[in-house]
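Data block for entry.txt (compact mmCIF, C-alpha atoms):
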# COMPACT_ATOMS: atom_id res chain seq x y z
CA ALA U 249 31.06 -27.82 7.92
CA VAL U 250 27.92 -29.94 7.61
CA ARG U 251 26.17 -30.15 10.98
CA TRP U 252 23.61 -32.76 9.97
CA THR U 253 21.91 -34.34 6.97
CA THR U 254 18.33 -35.58 6.78
CA VAL U 255 16.82 -37.71 4.03
CA LEU U 256 13.30 -36.47 3.22
CA GLY U 257 12.46 -39.09 0.59
CA SER U 258 11.21 -36.57 -1.98
CA PRO U 259 12.41 -33.32 -3.57
CA ALA U 260 11.13 -30.06 -2.12
CA ALA U 261 8.10 -28.52 -3.83
CA GLY U 262 8.96 -24.98 -2.81
CA GLN U 263 10.86 -22.77 -0.40
CA PRO U 264 10.96 -23.92 3.25
CA GLY U 265 9.77 -21.88 6.22
CA PHE U 266 11.71 -21.37 9.45
CA ASP U 267 11.20 -20.55 13.10
CA THR U 268 13.66 -20.77 16.00
CA SER U 269 13.34 -24.56 16.37
CA HIS U 270 12.32 -26.13 13.05
CA VAL U 271 12.45 -25.84 9.29
CA TYR U 272 9.20 -26.71 7.48
CA VAL U 273 9.74 -28.24 4.04
CA PRO U 274 6.96 -28.82 1.47
CA LEU U 275 7.56 -31.97 -0.59
CA ARG U 276 6.44 -32.95 -4.08
CA THR U 277 4.61 -35.91 -2.56
CA GLY U 278 2.11 -33.43 -1.09
CA GLN U 279 3.52 -33.67 2.42
CA LEU U 280 4.88 -31.06 4.80
CA VAL U 281 7.84 -32.11 6.95
CA ALA U 282 9.03 -30.43 10.17
CA VAL U 283 12.77 -30.93 10.72
CA SER U 284 14.58 -29.97 13.94
CA LEU U 285 17.19 -27.25 13.38
CA GLY U 286 19.26 -28.68 16.24
CA ASP U 287 19.90 -32.21 15.00
CA GLY U 288 17.94 -32.72 11.76
CA ALA U 289 15.45 -35.13 13.33
CA ILE U 290 12.03 -35.25 11.69
CA ALA U 291 9.46 -34.02 14.21
CA TRP U 292 6.37 -34.80 12.13
CA VAL U 293 5.03 -35.30 8.60
CA ALA U 294 1.63 -33.93 7.54
CA ASP U 295 -0.37 -34.54 4.36
CA LEU U 296 -0.55 -30.91 3.30
CA PRO U 297 0.46 -30.05 -0.28
CA THR U 298 1.79 -26.60 -1.09
CA THR U 299 4.32 -24.91 -3.38
CA LEU U 300 4.54 -21.74 -1.27
CA ALA U 301 6.83 -21.38 1.74
CA PRO U 302 5.02 -22.30 4.99
CA THR U 303 4.78 -19.39 7.42
CA PRO U 304 5.39 -20.02 11.15
CA GLY U 305 4.01 -17.68 13.81
CA LYS U 306 3.42 -18.02 17.55
CA GLY U 307 2.93 -21.76 17.93
CA ALA U 308 1.40 -22.33 14.51
CA VAL U 309 2.43 -22.90 10.91
CA TYR U 310 0.25 -21.39 8.17
CA VAL U 311 0.09 -23.22 4.86
CA ALA U 312 -1.60 -22.10 1.63
CA ASN U 313 -2.85 -24.70 -0.84
CA GLU U 314 -4.53 -23.18 -3.92
CA ASN U 315 -7.45 -21.23 -2.37
CA THR U 316 -7.32 -22.78 1.11
CA ILE U 317 -5.30 -21.70 4.14
CA HIS U 318 -4.53 -24.13 6.96
CA SER U 319 -3.34 -23.28 10.45
CA ILE U 320 -1.58 -26.23 12.10
CA GLN U 321 0.10 -26.59 15.49
CA VAL U 322 3.89 -26.50 15.52
CA SER U 323 4.00 -29.27 18.15
CA ASP U 324 2.13 -32.02 16.30
CA ALA U 325 0.65 -30.64 13.02
CA ALA U 326 -2.90 -30.80 14.38
CA VAL U 327 -5.24 -28.56 12.39
CA GLN U 328 -6.36 -25.47 14.34
CA TRP U 329 -8.48 -23.94 11.58
CA GLN U 330 -8.80 -23.70 7.83
CA ILE U 331 -10.55 -21.26 5.51
CA HIS U 332 -11.43 -21.19 1.82
CA LEU U 333 -10.97 -18.02 -0.21
CA ASN U 334 -12.49 -16.92 -3.53
CA ALA U 335 -9.19 -16.97 -5.46
CA ARG U 336 -5.83 -18.75 -5.51
CA VAL U 337 -3.23 -17.69 -2.96
CA SER U 338 -0.35 -16.46 -5.15
CA ALA U 339 2.22 -15.09 -2.67
CA PRO U 340 3.84 -16.47 0.50
CA LEU U 341 1.73 -15.70 3.56
CA LEU U 342 2.96 -13.06 5.99
CA TRP U 343 2.54 -13.44 9.76
CA ASN U 344 3.24 -10.50 12.06
CA THR U 345 2.07 -9.98 15.66
CA GLY U 346 -1.28 -11.70 15.23
CA TRP U 347 -1.90 -10.62 11.63
CA LEU U 348 -1.91 -13.07 8.73
CA ILE U 349 -1.71 -11.29 5.38
CA VAL U 350 -2.83 -13.13 2.24
CA GLY U 351 -2.13 -12.06 -1.36
CA LEU U 352 -4.40 -13.47 -4.07
CA GLU U 353 -4.09 -14.06 -7.82
CA SER U 354 -7.22 -11.91 -8.25
CA GLY U 355 -5.37 -8.86 -6.93
CA GLU U 356 -7.11 -8.88 -3.56
CA ILE U 357 -5.21 -8.55 -0.28
CA VAL U 358 -6.84 -10.09 2.81
CA ALA U 359 -5.94 -9.42 6.44
CA LEU U 360 -6.86 -12.31 8.74
CA ARG U 361 -6.74 -12.70 12.51
CA SER U 362 -4.16 -15.46 12.84
CA GLU U 363 -5.62 -17.04 15.98
CA ASP U 364 -8.89 -18.06 14.30
CA GLY U 365 -8.68 -17.13 10.59
CA GLN U 366 -11.38 -14.46 10.76
CA ALA U 367 -11.11 -11.74 8.12
CA VAL U 368 -10.47 -8.27 9.55
CA TRP U 369 -10.54 -6.53 6.17
CA ARG U 370 -9.98 -7.21 2.47
CA LYS U 371 -9.14 -4.85 -0.37
CA SER U 372 -8.96 -5.18 -4.15
CA LEU U 373 -5.74 -3.82 -5.68
CA THR U 374 -6.66 -4.96 -9.26
CA SER U 375 -3.35 -6.71 -10.00
CA ALA U 376 -1.99 -10.10 -8.91
CA ILE U 377 0.21 -10.32 -5.81
CA ARG U 378 3.17 -12.72 -6.17
CA VAL U 379 5.66 -11.30 -3.64
CA GLN U 380 5.34 -11.65 0.13
CA PRO U 381 4.13 -8.30 1.54
CA ALA U 382 5.98 -6.48 4.32
CA ILE U 383 4.88 -4.79 7.55
CA GLU U 384 6.53 -1.95 9.44
CA GLY U 385 4.65 -0.37 12.33
CA ASP U 386 1.05 0.27 11.28
CA ARG U 387 1.83 0.15 7.54
CA LEU U 388 1.47 -2.77 5.12
CA PHE U 389 3.47 -2.66 1.89
CA VAL U 390 2.32 -4.73 -1.11
CA ALA U 391 4.08 -5.20 -4.46
CA LEU U 392 1.81 -5.85 -7.45
CA ASP U 393 2.29 -7.55 -10.80
CA ASP U 394 1.67 -4.30 -12.69
CA GLY U 395 4.75 -2.65 -11.11
CA ARG U 396 2.98 -0.71 -8.37
CA VAL U 397 4.02 -0.73 -4.74
CA VAL U 398 1.16 0.27 -2.44
CA CYS U 399 1.16 1.29 1.20
CA LEU U 400 -1.95 0.42 3.21
CA ASN U 401 -3.02 1.17 6.75
CA LEU U 402 -2.57 -2.18 8.49
CA MET U 403 -5.58 -1.70 10.78
CA THR U 404 -8.10 -0.75 8.09
CA GLY U 405 -6.69 -1.56 4.64
CA GLN U 406 -7.07 2.07 3.57
CA LEU U 407 -4.70 3.20 0.82
CA VAL U 408 -2.00 5.57 2.11
CA TRP U 409 0.10 5.94 -1.06
CA GLN U 410 1.23 4.11 -4.18
CA GLN U 411 4.31 4.29 -6.39
CA THR U 412 4.88 2.73 -9.83
CA LEU U 413 8.24 1.13 -10.57
CA GLY U 414 9.77 0.19 -13.90
CA ASP U 415 8.61 -3.44 -13.60
CA SER U 416 7.09 -5.82 -11.09
CA ALA U 417 8.92 -6.48 -7.84
CA THR U 418 10.88 -9.61 -6.96
CA GLY U 419 11.15 -8.82 -3.24
CA ILE U 420 10.33 -6.15 -0.68
CA VAL U 421 11.83 -5.32 2.72
CA ALA U 422 10.43 -2.64 5.05
CA LEU U 423 12.50 -0.82 7.67
CA GLU U 424 11.51 2.07 9.90
CA ASP U 425 12.74 4.79 7.53
CA SER U 426 13.24 2.98 4.21
CA LEU U 427 11.45 0.55 1.91
CA PHE U 428 13.71 -1.58 -0.30
CA VAL U 429 12.36 -3.22 -3.45
CA GLY U 430 14.10 -5.38 -6.04
CA ALA U 431 12.42 -5.38 -9.45
CA LYS U 432 12.50 -7.28 -12.74
CA ASP U 433 13.82 -4.19 -14.57
CA SER U 434 17.22 -4.95 -12.93
CA PHE U 435 16.93 -1.95 -10.60
CA PHE U 436 17.01 -1.91 -6.81
CA TYR U 437 14.71 0.77 -5.40
CA CYS U 438 14.70 2.61 -2.08
CA LEU U 439 11.43 4.35 -1.21
CA SER U 440 10.44 6.41 1.77
CA PRO U 441 7.64 4.74 3.74
CA SER U 442 6.29 8.18 4.67
CA PRO U 443 3.63 9.70 2.36
CA ALA U 444 5.02 13.13 3.13
CA ILE U 445 8.26 12.25 1.31
CA SER U 446 8.01 11.34 -2.37
CA ASN U 447 11.68 10.56 -3.06
CA LEU U 448 12.37 7.47 -5.13
CA SER U 449 15.95 6.26 -5.58
CA SER U 450 17.05 3.40 -7.83
CA TYR U 451 20.39 1.67 -8.18

I'd like the structure from this file rewritten - as structure tokens, please.
Amino acid sequence: AVRWTTVLGSPAAGQPGFDTSHVYVPLRTGQLVAVSLGDGAIAWVADLPTTLAPTPGKGAVYVANENTIHSIQVSDAAVQWQIHLNARVSAPLLWNTGWLIVGLESGEIVALRSEDGQAVWRKSLTSAIRVQPAIEGDRLFVALDDGRVVCLNLMTGQLVWQQTLGDSATGIVALEDSLFVGAKDSFFYCLSPSPAISNLSSY
């Protein structure tokens, strides 16, 4: 059953983002709209173009537009901070417990402090990043265009291990004891997140 319907006035430009109270929809008009999940009411509209899914996290929504990242308040869309990077943001941003992880077209992964946008570390992985990374514990998992999946230490960016799949990934999900990756070679992979275990299963 349809709970509510809201007219946005323009088609969506990309995937929406969600938190517990709102859905954040990027529009082709270059606007970002916050819609209440409870009743479909529009909370605010901001002039903020993007084709990547907005990423909510602890009172803020993070939006990537080409090589610029904006942090705006959930309550009223006021800008908290913005930073410019040296390459285009090519994957949906990932927020997790104060970390904001950014994947770039240049193949660089950047770890920012979400409260102020300061870079904690950055690392070149030499292949474009188009899939949202995943975090489990102190490990960051990144899928690359060249078919590699890399595991990095979240605190430092140091490489822990890497595994090459049959093709580039379409999605990645990290659990405590398993890493699941869908790939363009029509296989679904299950990897161990532990470097001590080298098993690779595909289905």

Please report, as a tab-separated table, each residue of segment 364-441 of chain U lying at most 6 Å from segment 327-350 of chain U, together with the nearest pair of atoms and the separation in Å rounded to one decimal; use all atoms listed in the file, and order rows by chain and ascending residue number.
residue	atom	partner	partner_atom	distance
U:Arg378	CA	U:Ala339	CA	4.3
U:Val379	CA	U:Ala339	CA	5.2
U:Gln380	CA	U:Pro340	CA	5.1

C-alpha atoms of the current selection, written as a CSV table (one decimal), keeping the file's coordinate frame:
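Result saved to selection.csv:
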chain,number,residue,atom,x,y,z
U,378,ARG,CA,3.2,-12.7,-6.2
U,379,VAL,CA,5.7,-11.3,-3.6
U,380,GLN,CA,5.3,-11.6,0.1

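Atom CA of Ser375 of chain U lies 20.2 Å from atom CA of Asn313 of chain U.
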
message: Set the distance at 10 Å and use all atoms listed in the file: which residues neighbour segment 318-321 of chain U once local chain neighbours fewer than 6 positions away are removed? I'd like the list as a list in words.
response: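 Those residues are Ala294, Leu296, Pro302, Thr303, Pro304, Gly305, Lys306, Gly307, Ala308, Val309, Tyr310, Val311, Ala312, Val327, Gln328, Trp329, Gln330, Ile331, His332, Ser362, Glu363, Asp364 and Gly365 of chain U.
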
- prompt: Nearest to Gln411 of chain U among U:Arg387, U:Ser440, U:Asp425, U:Asp287, with distances taken over all atoms listed in the file: which residue is it?
  reply: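 Among the listed residues, the smallest separation from Gln411 of chain U belongs to U:Ser440.
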
query: To one decimal place, how far is atom CA of His270 of chain U from atom CA of Ser258 of chain U in Å?
result: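 Calculated distance between atom CA of His270 of chain U and atom CA of Ser258 of chain U is 18.3 Å.
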
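Within 10 Å of the point (13.2, -2.4, -8.6), and counting all atoms listed in the file, the protein, DNA and RNA residues are Gly395, Thr412, Leu413, Gly414, Asp415, Ser416, Ala417, Thr418, Gly419, Ile420, Phe428, Val429, Gly430, Ala431, Lys432, Asp433, Ser434, Phe435, Phe436, Tyr437, Cys438, Ser449, Ser450 and Tyr451 of chain U.
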
message: Taking only C-alpha atoms into account, name the residue in U:Val322, U:Met403, U:Asp295, U:Val250 that is nearest to Tyr272 of chain U.
response: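 Looking only at the distances to Tyr272 of chain U, the closest residue turns out to be U:Val322.
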
Nearest residue to Val255 of chain U from the set U:Ile290, U:Leu285, U:Ala422, U:Ala359 (distances using all atoms listed in the file): U:Ile290

query: Counting only C-alpha atoms, which residues come within 6 Å of (8.8, -20.8, 2.6), with the point read in the file's coordinates, and could you list them as a list in words?
result: Gln263, Pro264, Gly265, Leu300, Ala301 and Pro302 of chain U

- prompt: Do you have the atom CA of Ile357 of chain U-atom CA of Pro381 of chain U distance handy?
  reply: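 That distance, rounded to one decimal, is 9.5 Å.
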
- request: Measuring atom to atom with all atoms listed in the file, identify which of U:Gly286, U:Gly257, U:Pro274, U:Gly351 is nearest to Asp393 of chain U.
  value: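 Nearest candidate to Asp393 of chain U out of U:Gly286, U:Gly257, U:Pro274, U:Gly351: U:Gly351.
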
message: When you count all atoms listed in the file, which of these residues is closest to Lys371 of chain U: U:Ile383, U:Val421, U:Leu407, U:Ala289?
response: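 Looking only at the distances to Lys371 of chain U, the closest residue turns out to be U:Leu407.
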